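File shown: upload-v9.pdb. Contents: PDB, C-alpha atoms, pLDDT in the B column.
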```pdb
MODEL        1
ATOM      1  CA  MET A  45       0.423  13.904 -17.774  1.00 64.00           C
ATOM      2  CA  ALA A  46       3.296  12.992 -15.513  1.00 79.00           C
ATOM      3  CA  GLN A  47       4.133  10.081 -13.280  1.00 86.00           C
ATOM      4  CA  VAL A  48       3.293  10.774  -9.621  1.00 86.00           C
ATOM      5  CA  GLU A  49       5.132   8.873  -6.890  1.00 88.00           C
ATOM      6  CA  ALA A  50       4.751   8.550  -3.121  1.00 90.00           C
ATOM      7  CA  THR A  51       7.288   6.593  -1.036  1.00 95.00           C
ATOM      8  CA  THR A  52       7.229   5.826   2.684  1.00 96.00           C
ATOM      9  CA  GLU A  53       9.488   3.602   4.744  1.00 97.00           C
ATOM     10  CA  ARG A  54       9.781   2.295   8.287  1.00 98.00           C
ATOM     11  CA  ILE A  55      12.053   0.062  10.319  1.00 98.00           C
ATOM     12  CA  VAL A  56      10.030  -2.665  12.047  1.00 98.00           C
ATOM     13  CA  VAL A  57      11.326  -4.723  14.966  1.00 97.00           C
ATOM     14  CA  ALA A  58      10.534  -8.149  13.509  1.00 97.00           C
ATOM     15  CA  ASP A  59      12.281 -10.393  11.000  1.00 96.00           C
ATOM     16  CA  ALA A  60      11.639  -9.808   7.299  1.00 97.00           C
ATOM     17  CA  GLU A  61       9.741 -13.061   6.783  1.00 97.00           C
ATOM     18  CA  THR A  62       7.263 -12.267   9.571  1.00 97.00           C
ATOM     19  CA  VAL A  63       6.700  -8.743   8.220  1.00 98.00           C
ATOM     20  CA  PHE A  64       6.282  -9.901   4.633  1.00 98.00           C
ATOM     21  CA  ASP A  65       3.877 -12.679   5.651  1.00 98.00           C
ATOM     22  CA  ALA A  66       1.718 -10.141   7.529  1.00 98.00           C
ATOM     23  CA  LEU A  67       1.558  -7.831   4.485  1.00 98.00           C
ATOM     24  CA  ALA A  68       0.802 -10.719   2.117  1.00 98.00           C
ATOM     25  CA  ASP A  69      -1.974 -12.108   4.358  1.00 98.00           C
ATOM     26  CA  TYR A  70      -4.849 -10.342   2.608  1.00 98.00           C
ATOM     27  CA  SER A  71      -7.462 -12.706   4.049  1.00 98.00           C
ATOM     28  CA  GLY A  72      -6.371 -12.022   7.638  1.00 97.00           C
ATOM     29  CA  THR A  73      -3.761  -9.558   8.842  1.00 97.00           C
ATOM     30  CA  ARG A  74      -3.882  -6.980   6.027  1.00 97.00           C
ATOM     31  CA  GLY A  75      -7.478  -5.970   6.698  1.00 96.00           C
ATOM     32  CA  ARG A  76      -6.596  -5.202  10.338  1.00 96.00           C
ATOM     33  CA  LEU A  77      -3.706  -2.953   9.283  1.00 97.00           C
ATOM     34  CA  LEU A  78      -5.730  -0.554   7.147  1.00 97.00           C
ATOM     35  CA  PRO A  79      -6.282   2.942   8.576  1.00 97.00           C
ATOM     36  CA  GLU A  80      -9.600   4.781   8.442  1.00 96.00           C
ATOM     37  CA  GLN A  81      -9.095   6.003   4.855  1.00 96.00           C
ATOM     38  CA  TYR A  82      -9.827   2.470   3.602  1.00 96.00           C
ATOM     39  CA  SER A  83     -13.340   1.056   3.336  1.00 97.00           C
ATOM     40  CA  GLU A  84     -15.245  -1.796   1.685  1.00 97.00           C
ATOM     41  CA  TYR A  85     -12.234  -4.126   2.033  1.00 98.00           C
ATOM     42  CA  GLU A  86     -12.859  -7.477   0.367  1.00 98.00           C
ATOM     43  CA  VAL A  87     -10.715 -10.378  -0.814  1.00 98.00           C
ATOM     44  CA  ARG A  88     -12.230 -11.593  -4.084  1.00 98.00           C
ATOM     45  CA  GLU A  89      -9.657 -14.261  -5.027  1.00 98.00           C
ATOM     46  CA  GLY A  90      -6.802 -15.946  -3.211  1.00 98.00           C
ATOM     47  CA  GLY A  91      -5.919 -14.129  -0.032  1.00 97.00           C
ATOM     48  CA  ASP A  92      -2.263 -14.997   0.462  1.00 97.00           C
ATOM     49  CA  GLY A  93       0.112 -12.984  -1.732  1.00 97.00           C
ATOM     50  CA  GLU A  94       0.593 -13.897  -5.383  1.00 97.00           C
ATOM     51  CA  GLY A  95      -2.669 -14.388  -7.259  1.00 98.00           C
ATOM     52  CA  SER A  96      -4.840 -12.490  -4.800  1.00 98.00           C
ATOM     53  CA  LEU A  97      -7.471 -10.074  -6.039  1.00 98.00           C
ATOM     54  CA  VAL A  98      -8.434  -7.499  -3.423  1.00 98.00           C
ATOM     55  CA  HIS A  99     -10.958  -4.652  -3.446  1.00 98.00           C
ATOM     56  CA  TRP A 100     -11.103  -1.509  -1.318  1.00 97.00           C
ATOM     57  CA  LYS A 101     -12.035   2.124  -1.502  1.00 96.00           C
ATOM     58  CA  LEU A 102      -9.328   4.591  -0.570  1.00 94.00           C
ATOM     59  CA  GLN A 103     -10.438   8.046   0.537  1.00 92.00           C
ATOM     60  CA  ALA A 104      -7.347  10.117  -0.171  1.00 81.00           C
ATOM     61  CA  THR A 105      -9.055  13.456   0.589  1.00 78.00           C
ATOM     62  CA  SER A 106     -12.528  14.560   1.660  1.00 77.00           C
ATOM     63  CA  LYS A 107     -13.530  14.719  -2.027  1.00 81.00           C
ATOM     64  CA  ARG A 108     -11.304  12.069  -3.638  1.00 82.00           C
ATOM     65  CA  VAL A 109     -12.215   8.381  -3.296  1.00 90.00           C
ATOM     66  CA  ARG A 110     -10.533   5.716  -5.426  1.00 90.00           C
ATOM     67  CA  ASP A 111     -12.365   2.442  -6.052  1.00 96.00           C
ATOM     68  CA  CYS A 112      -9.465  -0.018  -6.239  1.00 96.00           C
ATOM     69  CA  LEU A 113      -9.406  -3.588  -7.540  1.00 98.00           C
ATOM     70  CA  LEU A 114      -5.881  -4.863  -7.031  1.00 98.00           C
ATOM     71  CA  GLU A 115      -4.109  -7.811  -8.618  1.00 98.00           C
ATOM     72  CA  VAL A 116      -1.263  -9.006  -6.405  1.00 98.00           C
ATOM     73  CA  THR A 117       2.027 -10.423  -7.676  1.00 98.00           C
ATOM     74  CA  GLU A 118       5.298 -11.343  -6.002  1.00 98.00           C
ATOM     75  CA  PRO A 119       7.951 -10.610  -8.652  1.00 97.00           C
ATOM     76  CA  SER A 120      10.848 -11.320  -6.261  1.00 97.00           C
ATOM     77  CA  ASP A 121      11.537 -12.399  -2.680  1.00 96.00           C
ATOM     78  CA  GLY A 122      10.263  -9.833  -0.196  1.00 97.00           C
ATOM     79  CA  GLU A 123       8.309  -7.894  -2.819  1.00 98.00           C
ATOM     80  CA  LEU A 124       4.543  -7.520  -3.255  1.00 98.00           C
ATOM     81  CA  VAL A 125       3.097  -5.555  -6.164  1.00 98.00           C
ATOM     82  CA  GLU A 126      -0.536  -4.410  -6.202  1.00 98.00           C
ATOM     83  CA  LYS A 127      -1.753  -3.267  -9.645  1.00 98.00           C
ATOM     84  CA  ASP A 128      -5.104  -1.505  -9.754  1.00 97.00           C
ATOM     85  CA  ARG A 129      -7.358  -2.747 -12.562  1.00 97.00           C
ATOM     86  CA  ASN A 130      -9.348   0.516 -12.330  1.00 95.00           C
ATOM     87  CA  SER A 131      -6.468   2.980 -12.830  1.00 93.00           C
ATOM     88  CA  SER A 132      -2.744   3.331 -13.500  1.00 94.00           C
ATOM     89  CA  MET A 133      -1.949   3.029  -9.778  1.00 93.00           C
ATOM     90  CA  VAL A 134       0.709   0.494  -8.771  1.00 97.00           C
ATOM     91  CA  THR A 135       1.858  -0.033  -5.171  1.00 97.00           C
ATOM     92  CA  THR A 136       5.065  -1.939  -4.448  1.00 98.00           C
ATOM     93  CA  TRP A 137       5.944  -3.229  -0.980  1.00 98.00           C
ATOM     94  CA  ARG A 138       9.571  -4.211  -0.351  1.00 98.00           C
ATOM     95  CA  VAL A 139      10.619  -5.919   2.879  1.00 98.00           C
ATOM     96  CA  THR A 140      14.340  -6.424   3.525  1.00 98.00           C
ATOM     97  CA  PRO A 141      16.386  -7.381   6.594  1.00 97.00           C
ATOM     98  CA  ALA A 142      17.730  -4.371   8.521  1.00 97.00           C
ATOM     99  CA  GLY A 143      19.914  -5.986  11.151  1.00 94.00           C
ATOM    100  CA  GLU A 144      19.191  -8.567  13.842  1.00 94.00           C
ATOM    101  CA  GLY A 145      15.433  -9.020  14.215  1.00 94.00           C
ATOM    102  CA  ARG A 146      14.638  -5.880  12.236  1.00 97.00           C
ATOM    103  CA  SER A 147      13.208  -5.170   8.797  1.00 98.00           C
ATOM    104  CA  ARG A 148      12.978  -2.203   6.471  1.00 98.00           C
ATOM    105  CA  VAL A 149       9.602  -1.832   4.786  1.00 98.00           C
ATOM    106  CA  VAL A 150       9.431   0.511   1.800  1.00 98.00           C
ATOM    107  CA  VAL A 151       6.102   1.196   0.104  1.00 97.00           C
ATOM    108  CA  THR A 152       6.019   3.088  -3.198  1.00 97.00           C
ATOM    109  CA  THR A 153       2.881   4.022  -5.103  1.00 93.00           C
ATOM    110  CA  THR A 154       2.991   5.426  -8.628  1.00 93.00           C
ATOM    111  CA  TRP A 155       0.272   6.539 -11.012  1.00 89.00           C
ATOM    112  CA  THR A 156      -0.200   8.688 -14.091  1.00 85.00           C
ATOM    113  CA  GLY A 157      -1.239  12.118 -12.871  1.00 77.00           C
ATOM    114  CA  ALA A 158      -3.519  14.654 -14.476  1.00 74.00           C
ATOM    115  CA  GLY A 159      -2.242  17.366 -16.765  1.00 75.00           C
ATOM    116  CA  GLY A 160      -2.493  21.135 -16.396  1.00 77.00           C
ATOM    117  CA  ILE A 161      -3.004  23.018 -13.152  1.00 72.00           C
ATOM    118  CA  GLY A 162      -4.888  20.092 -11.590  1.00 71.00           C
ATOM    119  CA  GLY A 163      -1.894  17.892 -12.296  1.00 71.00           C
ATOM    120  CA  PHE A 164       0.418  20.424 -10.674  1.00 68.00           C
ATOM    121  CA  PHE A 165      -1.610  20.294  -7.461  1.00 71.00           C
ATOM    122  CA  GLU A 166      -1.832  16.496  -7.645  1.00 70.00           C
ATOM    123  CA  ARG A 167       1.951  16.134  -8.014  1.00 69.00           C
ATOM    124  CA  THR A 168       2.477  18.635  -5.188  1.00 69.00           C
ATOM    125  CA  PHE A 169      -0.005  17.405  -2.581  1.00 71.00           C
ATOM    126  CA  ALA A 170      -1.076  13.826  -3.356  1.00 75.00           C
ATOM    127  CA  PRO A 171       2.287  12.201  -2.498  1.00 74.00           C
ATOM    128  CA  LYS A 172       2.290  13.846   0.945  1.00 85.00           C
ATOM    129  CA  GLY A 173      -1.277  12.762   1.653  1.00 85.00           C
ATOM    130  CA  LEU A 174      -0.656   9.205   0.500  1.00 88.00           C
ATOM    131  CA  ALA A 175       2.571   9.103   2.539  1.00 91.00           C
ATOM    132  CA  ARG A 176       0.537   9.935   5.665  1.00 93.00           C
ATOM    133  CA  ILE A 177      -1.888   7.113   4.896  1.00 94.00           C
ATOM    134  CA  HIS A 178       0.953   4.654   4.281  1.00 95.00           C
ATOM    135  CA  ASP A 179       2.721   5.814   7.432  1.00 96.00           C
ATOM    136  CA  ALA A 180      -0.413   4.985   9.449  1.00 97.00           C
ATOM    137  CA  LEU A 181      -0.600   1.552   7.810  1.00 97.00           C
ATOM    138  CA  LEU A 182       3.093   0.914   8.564  1.00 97.00           C
ATOM    139  CA  ALA A 183       2.574   1.975  12.189  1.00 97.00           C
ATOM    140  CA  ASN A 184      -0.297  -0.535  12.430  1.00 97.00           C
ATOM    141  CA  LEU A 185       1.957  -3.178  10.836  1.00 98.00           C
ATOM    142  CA  ALA A 186       4.672  -2.495  13.412  1.00 97.00           C
ATOM    143  CA  THR A 187       2.160  -2.782  16.253  1.00 97.00           C
ATOM    144  CA  GLU A 188       0.883  -6.080  14.815  1.00 97.00           C
ATOM    145  CA  VAL A 189       4.231  -7.835  14.275  1.00 97.00           C
ATOM    146  CA  GLU A 190       6.162  -6.393  17.219  1.00 93.00           C
ATOM    147  CA  LYS A 191       3.823  -8.087  19.736  1.00 78.00           C
TER     148      LYS A 191
ENDMDL
END
```
Mind turning the file's structure into structure tokens?
Amino acid sequence: MAQVEATTERIVVADAETVFDALADYSGTRGRLLPEQYSEYEVREGGDGEGSLVHWKLQATSKRVRDCLLEVTEPSDGELVEKDRNSSMVTTWRVTPAGEGRSRVVVTTTWTGAGGIGGFFERTFAPKGLARIHDALLANLATEVEK
């Protein structure tokens, strides 16, 4: 069983604080940013960054749906970490300034992959599929904050 990682990044034309606040706003903005692969979105505790508990289902492929219950922490400025209580999946969002009125958003998801031939296919294809999903979310984020 090996660690699987998917990383996506985007430059957004908005200051880092605005971008981070939009990502951390689980009770408002975040739900609007989610692409079609997400369903059953629900804030169960908190709703603004650190201390939030958020549920959703993520349909990664036509056959693979993850039921996620995420604990949110903010270990450092500009960083959100979502740890899934139902699996080894951890998603880290980092927002940093990228010049005047611009931000770099990097999202990295890691999890412990399967072993054997199934694990080979997971390590080969899952990061690309998750990167597409994250890219859609980041595009929605850009549309939201660049208004």
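Here the PyMOL selection byres ((chain A and resi 61) around 9) catches exactly these residues: Ala58, Asp59, Ala60, Thr62, Val63, Phe64, Asp65, Ala66, Gly122, Val139, Thr140, Pro141 and Ser147 of chain A.
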For this structure, which residues satisfy the selection - the PyMOL selection byres ((chain A and resi 92) around 7) - when it is evaluated on the file as given? I want them as a compact mmCIF listing (two decimals) with C-alpha atoms, in the coordinates of the input.
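This went into expr-v7.txt:
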```txt
# COMPACT_ATOMS: atom_id res chain seq x y z
CA ALA A 68 0.80 -10.72 2.12
CA ASP A 69 -1.97 -12.11 4.36
CA TYR A 70 -4.85 -10.34 2.61
CA SER A 71 -7.46 -12.71 4.05
CA GLY A 90 -6.80 -15.95 -3.21
CA GLY A 91 -5.92 -14.13 -0.03
CA GLY A 93 0.11 -12.98 -1.73
CA GLU A 94 0.59 -13.90 -5.38
CA SER A 96 -4.84 -12.49 -4.80
```
Which residues of stretch 126-158 of chain A come within 12 Å of stretch 109-118 of chain A, and what is each one's closest atom pair and distance in Å (one decimal), counting all atoms listed in the file, sorted by chain and residue number, as a Markdown table?
```
| residue | atom | partner | partner_atom | distance |
| --- | --- | --- | --- | --- |
| A:Glu126 | CA | A:Val116 | CA | 4.7 |
| A:Lys127 | CA | A:Leu114 | CA | 5.1 |
| A:Asp128 | CA | A:Leu114 | CA | 4.4 |
| A:Arg129 | CA | A:Leu113 | CA | 5.5 |
| A:Asn130 | CA | A:Cys112 | CA | 6.1 |
| A:Ser131 | CA | A:Cys112 | CA | 7.8 |
| A:Ser132 | CA | A:Cys112 | CA | 10.4 |
| A:Met133 | CA | A:Cys112 | CA | 8.8 |
| A:Val134 | CA | A:Leu114 | CA | 8.7 |
| A:Thr135 | CA | A:Leu114 | CA | 9.3 |
| A:Thr136 | CA | A:Glu118 | CA | 9.5 |
| A:Trp137 | CA | A:Glu118 | CA | 9.6 |
| A:Arg138 | CA | A:Glu118 | CA | 10.1 |
| A:Val139 | CA | A:Glu118 | CA | 11.7 |
```
Test item: residues at most 12 Å from A:Leu182, only C-alpha atoms, excluding those fewer than 5 positions along its chain, as JSON, numbers by chain = {"A": [51, 52, 53, 54, 55, 56, 57, 63, 64, 66, 67, 74, 76, 77, 78, 79, 137, 139, 147, 148, 149, 150, 151, 175, 176, 177, 187, 188, 189, 190]}
So what does the PyMOL selection byres ((chain A and resi 157) around 6) actually pick up in this one, as a PDB file with C-alpha atoms, keeping the file's coordinate frame?
```pdb
ATOM      1  CA  MET A  45       0.423  13.904 -17.774  1.00 64.00           C
ATOM      2  CA  ALA A  46       3.296  12.992 -15.513  1.00 79.00           C
ATOM      3  CA  GLN A  47       4.133  10.081 -13.280  1.00 86.00           C
ATOM      4  CA  VAL A  48       3.293  10.774  -9.621  1.00 86.00           C
ATOM      5  CA  THR A 156      -0.200   8.688 -14.091  1.00 85.00           C
ATOM      6  CA  ALA A 158      -3.519  14.654 -14.476  1.00 74.00           C
ATOM      7  CA  GLY A 163      -1.894  17.892 -12.296  1.00 71.00           C
TER       8      GLY A 163
END
```
request  = Would you mind reading off the distance between atom CA of A:Lys172 and atom CA of A:His99, one decimal, in Å?
outcome  = 23.2 Å
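Here atom CA of A:Glu84 is placed at a distance of 5.1 Å from atom CA of A:Trp100.
The closest residue to A:Gly75, picked from A:Val98, A:Glu144, A:Glu166, A:Ala186 and counting only C-alpha atoms, is A:Val98.
Separating atom CA of A:Thr152 from atom CA of A:Leu181 is a distance of 12.9 Å.
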Listed atoms of stretch 108-113 of chain A boxed along x, y and z, 6 Å each side, centre and edge lengths in Å, one decimal, as AutoDock Vina command-line options:
```
--center_x -10.9 --center_y 4.2 --center_z -5.4 --size_x 15.0 --size_y 27.7 --size_z 16.2
```
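Restricting the calculation to only C-alpha atoms, the smallest distance between A:His178 and any of A:Gly72, A:Thr153, A:Lys101, A:Glu89 is found for A:Thr153.
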Restrict the output to stretch 66-144 of chain A and C-alpha atoms, then write it as a short mmCIF file (atom, residue, chain, number, x, y, z; two decimals), in the first residue's frame.
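Saved to out36.cif:
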```cif
data_model
loop_
_atom_site.label_atom_id
_atom_site.label_comp_id
_atom_site.auth_asym_id
_atom_site.auth_seq_id
_atom_site.Cartn_x
_atom_site.Cartn_y
_atom_site.Cartn_z
CA ALA A 66 -13.90 32.04 0.31
CA LEU A 67 -12.37 28.56 0.70
CA ALA A 68 -12.81 28.60 4.48
CA ASP A 69 -16.47 29.71 4.26
CA TYR A 70 -17.98 26.23 4.43
CA SER A 71 -21.41 27.54 5.44
CA GLY A 72 -21.63 29.84 2.41
CA THR A 73 -19.18 30.14 -0.46
CA ARG A 74 -17.64 26.64 -0.43
CA GLY A 75 -20.88 24.87 -1.26
CA ARG A 76 -21.29 27.06 -4.37
CA LEU A 77 -17.79 26.18 -5.59
CA LEU A 78 -18.25 22.42 -5.69
CA PRO A 79 -18.48 20.83 -9.16
CA GLU A 80 -20.99 18.13 -10.08
CA GLN A 81 -18.90 15.30 -8.60
CA TYR A 82 -19.89 16.46 -5.10
CA SER A 83 -23.27 15.69 -3.54
CA GLU A 84 -25.00 15.67 -0.15
CA TYR A 85 -22.97 18.68 1.02
CA GLU A 86 -23.66 19.52 4.65
CA VAL A 87 -21.96 21.57 7.36
CA ARG A 88 -22.36 19.63 10.60
CA GLU A 89 -20.30 21.86 12.93
CA GLY A 90 -18.81 25.32 12.65
CA GLY A 91 -18.81 26.54 9.09
CA ASP A 92 -15.91 28.99 9.03
CA GLY A 93 -12.49 27.33 8.81
CA GLU A 94 -10.89 25.81 11.90
CA GLY A 95 -13.22 23.54 13.85
CA SER A 96 -15.66 22.94 11.01
CA LEU A 97 -17.00 19.46 10.35
CA VAL A 98 -18.27 19.04 6.79
CA HIS A 99 -19.87 16.11 4.98
CA TRP A 100 -20.09 15.37 1.26
CA LYS A 101 -20.02 12.51 -1.17
CA LEU A 102 -17.38 12.67 -3.87
CA GLN A 103 -18.01 10.67 -7.03
CA ALA A 104 -14.49 10.22 -8.37
CA THR A 105 -15.55 7.81 -11.15
CA SER A 106 -18.82 6.29 -12.34
CA LYS A 107 -18.28 3.42 -9.86
CA ARG A 108 -16.28 5.07 -7.06
CA VAL A 109 -18.07 7.27 -4.51
CA ARG A 110 -16.37 8.36 -1.29
CA ASP A 111 -18.53 9.29 1.70
CA CYS A 112 -16.42 12.00 3.34
CA LEU A 113 -16.69 13.50 6.82
CA LEU A 114 -14.01 16.16 7.06
CA GLU A 115 -12.49 17.82 10.11
CA VAL A 116 -11.05 21.22 9.20
CA THR A 117 -7.94 22.74 10.77
CA GLU A 118 -5.85 25.80 9.98
CA PRO A 119 -2.30 24.80 10.98
CA SER A 120 -0.77 28.02 9.59
CA ASP A 121 -1.75 31.27 7.89
CA GLY A 122 -3.25 30.64 4.46
CA GLU A 123 -3.56 26.89 5.02
CA LEU A 124 -6.69 24.75 5.41
CA VAL A 125 -6.44 21.02 6.09
CA GLU A 126 -9.42 18.70 5.64
CA LYS A 127 -8.95 15.26 7.25
CA ASP A 128 -11.51 12.61 6.37
CA ARG A 129 -12.76 10.67 9.40
CA ASN A 130 -13.89 7.86 7.06
CA SER A 131 -10.55 7.19 5.31
CA SER A 132 -6.87 8.15 5.14
CA MET A 133 -7.64 11.04 2.76
CA VAL A 134 -6.21 14.45 3.67
CA THR A 135 -6.67 17.56 1.51
CA THR A 136 -4.50 20.63 2.09
CA TRP A 137 -5.32 24.03 0.60
CA ARG A 138 -2.52 26.62 0.53
CA VAL A 139 -3.20 30.22 -0.51
CA THR A 140 -0.22 32.55 -0.94
CA PRO A 141 0.24 35.99 -2.52
CA ALA A 142 1.41 35.85 -6.16
CA GLY A 143 2.00 39.49 -6.97
CA GLU A 144 -0.26 42.54 -6.84
#
```
